[in-house]
$ cat target.csv   # CSV, C-alpha atoms
chain,number,residue,atom,x,y,z
A,1,MET,CA,-29.8,-19.0,10.4
A,2,ASN,CA,-27.7,-15.9,10.8
A,3,LEU,CA,-28.9,-14.0,13.8
A,4,LEU,CA,-27.3,-10.9,15.5
A,5,ALA,CA,-28.3,-10.2,19.1
A,6,ILE,CA,-27.5,-6.9,20.9
A,7,ASP,CA,-27.9,-6.3,24.6
A,8,THR,CA,-26.9,-2.9,26.1
A,9,SER,CA,-29.7,-2.7,28.7
A,10,SER,CA,-27.2,-2.8,31.6
A,11,SER,CA,-23.7,-1.6,32.3
A,12,LEU,CA,-22.5,-4.6,30.2
A,13,PHE,CA,-22.2,-4.5,26.5
A,14,SER,CA,-23.1,-7.9,25.0
A,15,ILE,CA,-23.4,-9.0,21.4
A,16,SER,CA,-23.5,-12.4,19.7
A,17,LEU,CA,-23.7,-13.5,16.1
A,18,SER,CA,-24.8,-17.1,15.4
A,19,SER,CA,-24.5,-18.6,11.9
A,20,GLY,CA,-25.4,-22.3,11.8
A,21,GLU,CA,-23.2,-24.1,14.2
A,22,ARG,CA,-20.9,-21.1,14.6
A,23,ILE,CA,-21.3,-18.5,17.2
A,24,GLU,CA,-19.2,-15.4,18.1
A,25,MET,CA,-19.8,-13.4,21.3
A,26,ARG,CA,-18.5,-10.3,22.9
A,27,GLU,CA,-19.3,-9.1,26.5
A,28,PHE,CA,-17.5,-6.4,28.5
A,29,GLU,CA,-18.2,-3.4,30.6
A,30,ALA,CA,-18.8,-0.4,28.3
A,31,GLY,CA,-20.7,2.2,30.3
A,32,VAL,CA,-21.2,5.4,28.3
A,33,THR,CA,-19.0,4.1,25.5
A,34,HIS,CA,-21.8,1.8,24.2
A,35,SER,CA,-22.5,4.1,21.3
A,36,THR,CA,-18.9,4.4,20.2
A,37,ILE,CA,-18.0,0.7,20.2
A,38,VAL,CA,-21.2,-1.2,19.3
A,39,LEU,CA,-20.9,-0.8,15.5
A,40,ALA,CA,-17.2,-1.5,15.5
A,41,GLU,CA,-17.6,-4.7,17.5
A,42,ILE,CA,-20.5,-5.8,15.2
A,43,ASN,CA,-18.3,-5.3,12.2
A,44,LYS,CA,-15.5,-7.3,13.9
A,45,ILE,CA,-17.7,-10.4,14.5
A,46,LEU,CA,-19.3,-10.1,11.0
A,47,THR,CA,-15.8,-10.2,9.5
A,48,LYS,CA,-14.7,-13.1,11.7
A,49,LEU,CA,-17.7,-15.2,10.5
A,50,ASP,CA,-17.3,-13.9,6.9
A,51,LEU,CA,-20.8,-12.5,6.8
A,52,LYS,CA,-22.3,-9.3,5.4
A,53,ILE,CA,-25.2,-7.4,7.1
A,54,SER,CA,-27.4,-8.2,4.2
A,55,GLU,CA,-27.0,-11.9,4.9
A,56,LEU,CA,-28.5,-11.7,8.4
A,57,ASP,CA,-31.9,-13.3,8.9
A,58,GLY,CA,-32.7,-11.3,12.0
A,59,ILE,CA,-31.5,-8.7,14.4
A,60,ALA,CA,-32.5,-9.0,18.1
A,61,PHE,CA,-32.2,-6.5,20.8
A,62,SER,CA,-33.1,-6.3,24.5
A,63,SER,CA,-35.9,-3.8,24.5
A,64,GLY,CA,-36.0,-3.0,28.2
A,65,PRO,CA,-36.6,-2.2,30.9
A,66,GLY,CA,-33.1,-1.2,31.8
A,67,SER,CA,-30.6,1.5,31.0
A,68,PHE,CA,-32.5,4.2,29.1
A,69,THR,CA,-29.4,5.2,27.1
A,70,GLY,CA,-28.4,1.6,26.5
A,71,ILE,CA,-31.9,0.6,25.3
A,72,ARG,CA,-32.1,3.5,22.9
A,73,ILE,CA,-28.7,2.7,21.5
A,74,ALA,CA,-29.6,-1.0,20.9
A,75,ALA,CA,-32.9,-0.1,19.3
A,76,GLY,CA,-31.3,2.5,17.1
A,77,VAL,CA,-28.5,0.2,16.0
A,78,ALA,CA,-30.9,-2.6,15.2
A,79,TYR,CA,-33.1,-0.3,13.2
A,80,GLY,CA,-30.2,1.3,11.4
A,81,LEU,CA,-28.7,-2.0,10.3
A,82,ALA,CA,-32.1,-3.7,9.5
A,83,TYR,CA,-33.9,-1.0,7.6
A,84,PRO,CA,-31.7,-0.8,4.4
A,85,HIS,CA,-31.9,-4.6,3.9
A,86,LYS,CA,-35.4,-5.1,5.4
A,87,ILE,CA,-34.0,-7.6,7.9
A,88,PRO,CA,-36.6,-8.7,10.6
A,89,ILE,CA,-36.1,-7.0,14.0
A,90,ILE,CA,-36.9,-9.0,17.2
A,91,PRO,CA,-37.3,-6.9,20.4
A,92,VAL,CA,-37.2,-9.1,23.5
A,93,SER,CA,-37.9,-8.0,27.1
A,94,SER,CA,-34.7,-7.7,29.1
A,95,LEU,CA,-36.5,-9.2,32.1
A,96,GLU,CA,-37.5,-12.3,29.9
A,97,VAL,CA,-33.9,-12.6,28.8
A,98,ILE,CA,-32.7,-12.8,32.4
A,99,ALA,CA,-35.6,-15.2,33.3
A,100,SER,CA,-34.5,-17.5,30.5
A,101,MET,CA,-31.3,-18.2,32.4
A,102,SER,CA,-33.3,-20.2,35.0
A,103,MET,CA,-34.9,-23.5,34.1
A,104,SER,CA,-37.2,-23.5,37.2
A,105,LYS,CA,-41.0,-23.5,36.8
A,106,TYR,CA,-41.2,-20.1,38.3
A,107,THR,CA,-38.6,-17.3,38.1
A,108,LEU,CA,-38.9,-13.8,39.7
A,109,VAL,CA,-36.6,-11.3,38.0
A,110,ALA,CA,-35.7,-8.0,39.7
A,111,LEU,CA,-33.3,-5.5,38.0
A,112,ASP,CA,-31.9,-2.4,39.6
A,113,ALA,CA,-33.9,0.6,38.3
A,114,ARG,CA,-31.9,3.2,40.1
A,115,MET,CA,-33.7,5.9,42.2
A,116,ASN,CA,-34.2,3.2,45.0
A,117,GLN,CA,-36.5,1.1,42.8
A,118,VAL,CA,-36.4,-2.2,40.9
A,119,TYR,CA,-38.0,-3.5,37.7
A,120,ILE,CA,-39.7,-6.7,38.5
A,121,GLU,CA,-41.7,-9.5,36.8
A,122,LEU,CA,-42.7,-13.0,37.6
A,123,PHE,CA,-42.5,-15.8,34.9
A,124,GLU,CA,-43.7,-19.3,34.6
A,125,ARG,CA,-42.4,-22.0,32.2
A,126,ASP,CA,-45.2,-23.8,30.5
A,127,GLN,CA,-45.2,-27.5,29.3
A,128,GLN,CA,-43.3,-26.5,26.2
A,129,THR,CA,-40.7,-24.7,28.4
A,130,ASN,CA,-41.8,-21.3,27.0
A,131,LEU,CA,-41.8,-18.4,29.5
A,132,GLN,CA,-45.2,-16.8,30.3
A,133,SER,CA,-45.5,-13.6,32.4
A,134,ILE,CA,-47.6,-14.0,35.5
A,135,PHE,CA,-47.8,-10.3,36.2
A,136,GLU,CA,-46.8,-7.5,34.0
A,137,ALA,CA,-43.4,-5.8,34.4
A,138,THR,CA,-43.5,-2.9,36.8
A,139,VAL,CA,-41.2,-0.6,38.7
A,140,VAL,CA,-41.5,-0.5,42.5
A,141,SER,CA,-39.5,0.5,45.6
A,142,PRO,CA,-38.1,-2.4,47.6
A,143,SER,CA,-40.6,-1.6,50.4
A,144,GLU,CA,-43.6,-2.1,47.9
A,145,LEU,CA,-42.7,-5.5,46.4
A,146,PRO,CA,-45.7,-7.3,44.9
A,147,ASP,CA,-47.3,-10.3,46.5
A,148,ILE,CA,-46.6,-13.7,45.0
A,149,LEU,CA,-49.4,-16.2,44.4
A,150,GLU,CA,-50.0,-18.4,47.4
A,151,THR,CA,-49.9,-21.5,45.1
A,152,ILE,CA,-46.2,-20.8,44.3
A,153,GLN,CA,-44.2,-22.4,47.0
A,154,ASP,CA,-41.6,-24.5,45.3
A,155,ASP,CA,-39.3,-24.5,42.2
A,156,LEU,CA,-38.9,-20.8,42.5
A,157,ILE,CA,-35.8,-18.8,41.5
A,158,PHE,CA,-35.0,-15.2,42.3
A,159,ILE,CA,-32.5,-13.6,39.9
A,160,GLY,CA,-31.2,-10.1,38.9
A,161,SER,CA,-29.2,-7.1,40.1
A,162,GLY,CA,-32.2,-5.9,42.1
A,163,ILE,CA,-32.2,-9.1,44.2
A,164,ASN,CA,-28.5,-8.6,45.0
A,165,LEU,CA,-28.9,-5.0,45.9
A,166,TYR,CA,-32.0,-5.4,48.1
A,167,GLU,CA,-31.7,-8.9,49.3
A,168,GLU,CA,-32.8,-8.2,52.8
A,169,LYS,CA,-36.0,-6.5,51.6
A,170,PHE,CA,-36.8,-9.6,49.5
A,171,LYS,CA,-36.1,-11.9,52.4
A,172,GLU,CA,-38.5,-9.9,54.6
A,173,LYS,CA,-41.3,-9.7,52.0
A,174,TYR,CA,-41.1,-13.3,50.9
A,175,SER,CA,-40.2,-15.0,54.2
A,176,ASN,CA,-43.0,-17.5,53.8
A,177,VAL,CA,-41.9,-18.5,50.2
A,178,ASN,CA,-39.4,-21.3,49.4
A,179,TYR,CA,-37.0,-19.8,46.9
A,180,LYS,CA,-33.4,-19.9,45.8
A,181,ILE,CA,-31.3,-17.0,44.6
A,182,MET,CA,-29.5,-17.4,41.3
A,183,GLN,CA,-26.8,-15.1,39.8
A,184,VAL,CA,-27.1,-13.6,36.4
A,185,LYS,CA,-25.0,-15.6,33.9
A,186,THR,CA,-22.4,-14.1,31.5
A,187,ASN,CA,-22.9,-13.6,27.7
A,188,VAL,CA,-26.4,-12.2,28.1
A,189,SER,CA,-26.8,-11.8,24.3
A,190,SER,CA,-26.6,-15.6,23.8
A,191,PHE,CA,-29.7,-16.0,25.9
A,192,LEU,CA,-31.3,-13.1,24.0
A,193,ALA,CA,-30.5,-14.9,20.7
A,194,GLU,CA,-32.1,-18.2,21.9
A,195,LEU,CA,-35.3,-16.4,22.7
A,196,ALA,CA,-35.3,-14.4,19.5
A,197,MET,CA,-35.0,-17.5,17.3
A,198,LYS,CA,-38.4,-18.5,18.7
A,199,LYS,CA,-39.9,-15.1,18.0
A,200,LEU,CA,-38.4,-14.4,14.6
A,201,PRO,CA,-41.0,-12.7,12.4
A,202,LEU,CA,-41.4,-13.7,8.7
A,203,GLU,CA,-40.6,-10.2,7.4
A,204,PHE,CA,-39.3,-6.8,8.2
A,205,SER,CA,-41.7,-4.6,10.2
A,206,LEU,CA,-41.5,-1.5,12.4
A,207,LYS,CA,-44.6,-2.7,14.4
A,208,ASP,CA,-44.0,-3.2,18.1
A,209,ILE,CA,-40.3,-2.6,18.0
A,210,GLN,CA,-40.3,0.3,20.4
A,211,PRO,CA,-38.3,0.1,23.6
A,212,LYS,CA,-40.1,-0.8,26.8
A,213,TYR,CA,-39.1,1.7,29.4
A,214,VAL,CA,-41.8,0.8,32.0
A,215,ARG,CA,-41.3,4.2,33.4
A,216,ASN,CA,-40.7,7.5,31.6
A,217,LYS,CA,-38.7,9.2,34.4
A,218,VAL,CA,-34.9,8.8,34.5
A,219,ALA,CA,-33.8,11.1,37.3
A,220,PHE,CA,-35.0,12.8,40.5
A,221,THR,CA,-35.7,16.5,40.4
A,222,ILE,CA,-33.6,18.6,42.8
A,223,SER,CA,-36.6,19.0,45.1
A,224,GLU,CA,-37.1,15.2,45.1
A,225,ARG,CA,-33.5,14.5,45.9
A,226,LEU,CA,-33.6,16.9,48.8
A,227,SER,CA,-36.9,15.4,50.2
A,228,ASN,CA,-35.5,11.9,49.9
A,229,GLY,CA,-32.2,12.8,51.4
A,230,ASN,CA,-30.3,12.1,48.1
A,231,ASN,CA,-27.4,14.2,47.1
$ encode --input "target.csv" --output "structure tokens"
Amino acid sequence: MNLLAIDTSSSLFSISLSSGERIEMREFEAGVTHSTIVLAEINKILTKLDLKISELDGIAFSSGPGSFTGIRIAAGVAYGLAYPHKIPIIPVSSLEVIASMSMSKYTLVALDARMNQVYIELFERDQQTNLQSIFEATVVSPSELPDILETIQDDLIFIGSGINLYEEKFKEKYSNVNYKIMQVKTNVSSFLAELAMKKLPLEFSLKDIQPKYVRNKVAFTISERLSNGNN
């Protein structure tokens, strides 16, 4: 299978291209340059593996939540490459991608959402090791973290940039829960690709490929910044 995976949901730019036993990956800080380098880097790895876009069996992208600009770029690139050749597109939640880095039964993912908030979702691995969401992805302030089911006391991992940023808030909220903190691994797109292979549709479709923003607001208004003491 030839699968291209694109993750630009954070400040890192990560792509991977797998073709049978071969895999080529790129990951580096890109910031606002996502849009100017993503196509060039994709062309480089296609050339290195001697593949054409038309030979891809699927194109996966991290569909959010995360960087609004990054998610739009990844979705646009996936669509732009897939549409002419009718290549199946596989959108995968960026929270699920991070959760897949943990092999614990339960994994709580919290990503920095800016504006003093985090995107958060709790996952459970079933008997087939597939990830199942326990509560839907949401965006909250660190002082309004959701409750965790009382039955979840062991084999629990916390992971994500939101955990690192608001660690004290998480410790305070979940003081009665036995958990371990895990750091996000490198080469995010390789984890995206692994999930996408399990979700690969049989044919090209535009159904359900929209980015998942979780919230529609990207910045404080001037009055909100003043009232919150933000400059």
$ atom_distance --input "target.csv" --atom1 "CA of Lys171 (chain A)" --atom2 "CA of Val118 (chain A)"
15.0 Å
$ residues_around --input "target.csv" --residues "Tyr79 (chain A)" --least-positions-apart "3" --cutoff "12 Å" --atoms "only C-alpha atoms" --output "list of chain:residue names"
A:Ile6, A:Gly58, A:Ile59, A:Ala60, A:Phe61, A:Arg72, A:Ile73, A:Ala74, A:Ala75, A:Gly76, A:Ala82, A:Tyr83, A:Pro84, A:His85, A:Lys86, A:Ile87, A:Pro88, A:Ile89, A:Ile90, A:Pro91, A:Phe204, A:Ser205, A:Leu206, A:Lys207, A:Ile209, A:Gln210, A:Pro211
$ residues_around --input "target.csv" --residues "Phe68 (chain A)" --least-positions-apart "3" --cutoff "8 Å" --atoms "all atoms listed in the file" --output "ChimeraX atom specification"
/A:9,65,71-72,213,218
$ closest_residue --input "target.csv" --among "A:Leu200, A:Ile23, A:Ile37, A:Met115" --to "Val140 (chain A)" --atoms "all atoms listed in the file"
A:Met115
$ atom_distance --input "target.csv" --atom1 "CA of Tyr179 (chain A)" --atom2 "CA of Ala193 (chain A)"
27.4 Å
$ closest_atom_pairs --input "target.csv" --of "region 53-135 of chain A" --to "region 157-160 of chain A" --cutoff "8 Å" --atoms "only C-alpha atoms" --output "tab-separated table"
residue	atom	partner	partner_atom	distance
A:Ile98	CA	A:Gly160	CA	7.2
A:Ala99	CA	A:Ile159	CA	7.5
A:Ser102	CA	A:Ile157	CA	7.1
A:Ser104	CA	A:Ile157	CA	6.5
A:Tyr106	CA	A:Ile157	CA	6.4
A:Thr107	CA	A:Ile157	CA	4.7
A:Leu108	CA	A:Phe158	CA	4.9
A:Val109	CA	A:Ile159	CA	5.1
A:Ala110	CA	A:Gly160	CA	5.0
A:Leu111	CA	A:Gly160	CA	5.1
A:Asp112	CA	A:Gly160	CA	7.8
$ atom_distance --input "target.csv" --atom1 "CA of Leu192 (chain A)" --atom2 "CA of Glu144 (chain A)"
29.0 Å
$ closest_residue --input "target.csv" --among "A:Phe170, A:Gly80, A:Tyr119, A:Gly162" --to "Ser143 (chain A)" --atoms "only C-alpha atoms"
A:Phe170
$ closest_residue --input "target.csv" --among "A:Tyr166, A:Met1, A:Leu12, A:Glu27" --to "Ser190 (chain A)" --atoms "only C-alpha atoms"
A:Glu27
$ closest_residue --input "target.csv" --among "A:Glu96, A:Glu21, A:Glu167, A:Glu203" --to "Glu136 (chain A)" --atoms "only C-alpha atoms"
A:Glu96
$ closest_residue --input "target.csv" --among "A:Leu202, A:Ala196, A:Ile120, A:Leu149" --to "Val177 (chain A)" --atoms "all atoms listed in the file"
A:Leu149
$ residues_near_point --input "target.csv" --point "(-36.7, -9.8, 27.3)" --cutoff "7 Å" --atoms "only C-alpha atoms" --output "ChimeraX atom specification"
/A:62-64,92-97
$ write_last_selection --input "target.csv" --atoms "C-alpha atoms" --output "short mmCIF file (atom, residue, chain, number, x, y, z; two decimals), in the frame of the given file"
data_model
loop_
_atom_site.label_atom_id
_atom_site.label_comp_id
_atom_site.auth_asym_id
_atom_site.auth_seq_id
_atom_site.Cartn_x
_atom_site.Cartn_y
_atom_site.Cartn_z
CA SER A 62 -33.10 -6.30 24.50
CA SER A 63 -35.90 -3.80 24.50
CA GLY A 64 -36.00 -3.00 28.20
CA VAL A 92 -37.20 -9.10 23.50
CA SER A 93 -37.90 -8.00 27.10
CA SER A 94 -34.70 -7.70 29.10
CA LEU A 95 -36.50 -9.20 32.10
CA GLU A 96 -37.50 -12.30 29.90
CA VAL A 97 -33.90 -12.60 28.80
#
$ closest_residue --input "target.csv" --among "A:Gly70, A:Ile163, A:Ile134, A:Lys180" --to "Ser10 (chain A)" --atoms "only C-alpha atoms"
A:Gly70
$ residues_around --input "target.csv" --residues "region 47-51 of chain A" --least-positions-apart "6" --cutoff "8 Å" --atoms "only C-alpha atoms" --output "PyMOL selection string"
chain A and resi 19+22+24
$ decode --input "target.csv" --residues "region 116-228 of chain A" --atoms "C-alpha atoms" --output "compact mmCIF listing (two decimals), in the first residue's frame"
# COMPACT_ATOMS: atom_id res chain seq x y z
CA ASN A 116 -5.91 29.71 28.09
CA GLN A 117 -7.78 26.57 27.00
CA VAL A 118 -7.07 22.95 26.07
CA TYR A 119 -8.59 20.48 23.63
CA ILE A 120 -9.25 17.33 25.61
CA GLU A 121 -10.53 13.80 25.00
CA LEU A 122 -10.35 10.48 26.87
CA PHE A 123 -9.75 7.22 24.97
CA GLU A 124 -9.97 3.53 25.82
CA ARG A 125 -8.30 0.66 23.97
CA ASP A 126 -10.69 -2.21 23.31
CA GLN A 127 -9.77 -5.90 23.15
CA GLN A 128 -8.64 -5.44 19.54
CA THR A 129 -6.42 -2.53 20.70
CA ASN A 130 -8.53 -0.03 18.74
CA LEU A 131 -9.07 3.38 20.35
CA GLN A 132 -12.59 4.27 21.45
CA SER A 133 -13.57 7.73 22.67
CA ILE A 134 -15.05 7.79 26.18
CA PHE A 135 -16.16 11.40 25.95
CA GLU A 136 -16.33 13.63 22.90
CA ALA A 137 -13.51 16.05 22.17
CA THR A 138 -14.13 19.41 23.77
CA VAL A 139 -12.33 22.65 24.56
CA VAL A 140 -12.17 23.84 28.18
CA SER A 141 -10.16 26.09 30.44
CA PRO A 142 -7.73 24.33 32.83
CA SER A 143 -10.01 25.29 35.74
CA GLU A 144 -12.95 23.43 34.15
CA LEU A 145 -11.37 20.06 33.37
CA PRO A 146 -13.96 17.26 32.99
CA ASP A 147 -14.42 14.50 35.54
CA ILE A 148 -12.93 11.08 34.85
CA LEU A 149 -15.03 7.99 35.45
CA GLU A 150 -14.54 6.66 38.99
CA THR A 151 -13.87 3.19 37.58
CA ILE A 152 -10.71 4.42 35.83
CA GLN A 153 -8.00 4.19 38.44
CA ASP A 154 -5.12 2.35 36.79
CA ASP A 155 -3.32 2.00 33.45
CA LEU A 156 -4.01 5.64 32.64
CA ILE A 157 -1.71 7.91 30.63
CA PHE A 158 -1.89 11.70 30.29
CA ILE A 159 -0.26 13.07 27.14
CA GLY A 160 -0.15 16.29 25.11
CA SER A 161 1.07 19.87 25.08
CA GLY A 162 -1.85 20.91 27.30
CA ILE A 163 -0.64 18.55 30.04
CA ASN A 164 2.83 20.09 29.96
CA LEU A 165 1.48 23.63 29.96
CA TYR A 166 -1.05 23.19 32.78
CA GLU A 167 0.44 20.29 34.72
CA GLU A 168 -0.40 21.77 38.12
CA LYS A 169 -4.07 22.17 37.16
CA PHE A 170 -4.22 18.53 36.07
CA LYS A 171 -2.55 17.39 39.29
CA GLU A 172 -5.06 19.38 41.32
CA LYS A 173 -8.11 18.13 39.40
CA TYR A 174 -7.06 14.49 39.25
CA SER A 175 -5.32 14.15 42.61
CA ASN A 176 -7.33 10.99 43.36
CA VAL A 177 -6.47 9.33 40.05
CA ASN A 178 -3.43 7.11 39.47
CA TYR A 179 -1.92 8.27 36.18
CA LYS A 180 1.43 8.72 34.45
CA ILE A 181 2.50 11.55 32.14
CA MET A 182 3.91 10.60 28.76
CA GLN A 183 5.63 12.93 26.30
CA VAL A 184 4.48 13.25 22.70
CA LYS A 185 6.69 11.23 20.38
CA THR A 186 8.40 12.48 17.23
CA ASN A 187 7.34 11.69 13.66
CA VAL A 188 3.67 12.29 14.36
CA SER A 189 2.66 11.48 10.79
CA SER A 190 3.86 7.88 11.18
CA PHE A 191 1.26 7.36 13.93
CA LEU A 192 -1.31 9.08 11.72
CA ALA A 193 -0.45 6.69 8.90
CA GLU A 194 -0.85 3.64 11.13
CA LEU A 195 -4.36 4.73 12.15
CA ALA A 196 -5.27 5.71 8.59
CA MET A 197 -4.46 2.26 7.24
CA LYS A 198 -7.21 0.85 9.48
CA LYS A 199 -9.69 3.48 8.27
CA LEU A 200 -8.90 3.47 4.53
CA PRO A 201 -12.14 3.82 2.53
CA LEU A 202 -12.74 1.73 -0.57
CA GLU A 203 -13.10 4.71 -2.87
CA PHE A 204 -12.69 8.47 -3.16
CA SER A 205 -15.38 10.50 -1.41
CA LEU A 206 -15.78 14.03 -0.09
CA LYS A 207 -18.11 12.85 2.70
CA ASP A 208 -16.94 13.56 6.25
CA ILE A 209 -13.54 14.95 5.26
CA GLN A 210 -14.11 18.38 6.82
CA PRO A 211 -11.67 19.59 9.50
CA LYS A 212 -12.81 19.25 13.11
CA TYR A 213 -12.17 22.60 14.75
CA VAL A 214 -14.12 21.86 18.00
CA ARG A 215 -14.50 25.61 18.39
CA ASN A 216 -15.03 28.26 15.74
CA LYS A 217 -13.24 31.09 17.48
CA VAL A 218 -9.54 31.68 16.89
CA ALA A 219 -8.78 34.83 18.86
CA PHE A 220 -9.98 37.08 21.65
CA THR A 221 -11.68 40.34 20.75
CA ILE A 222 -10.03 43.50 22.08
CA SER A 223 -12.62 43.80 24.85
CA GLU A 224 -12.10 40.17 25.87
CA ARG A 225 -8.33 40.61 26.03
CA LEU A 226 -8.75 43.64 28.26
CA SER A 227 -11.24 41.93 30.56
CA ASN A 228 -8.97 38.86 30.85
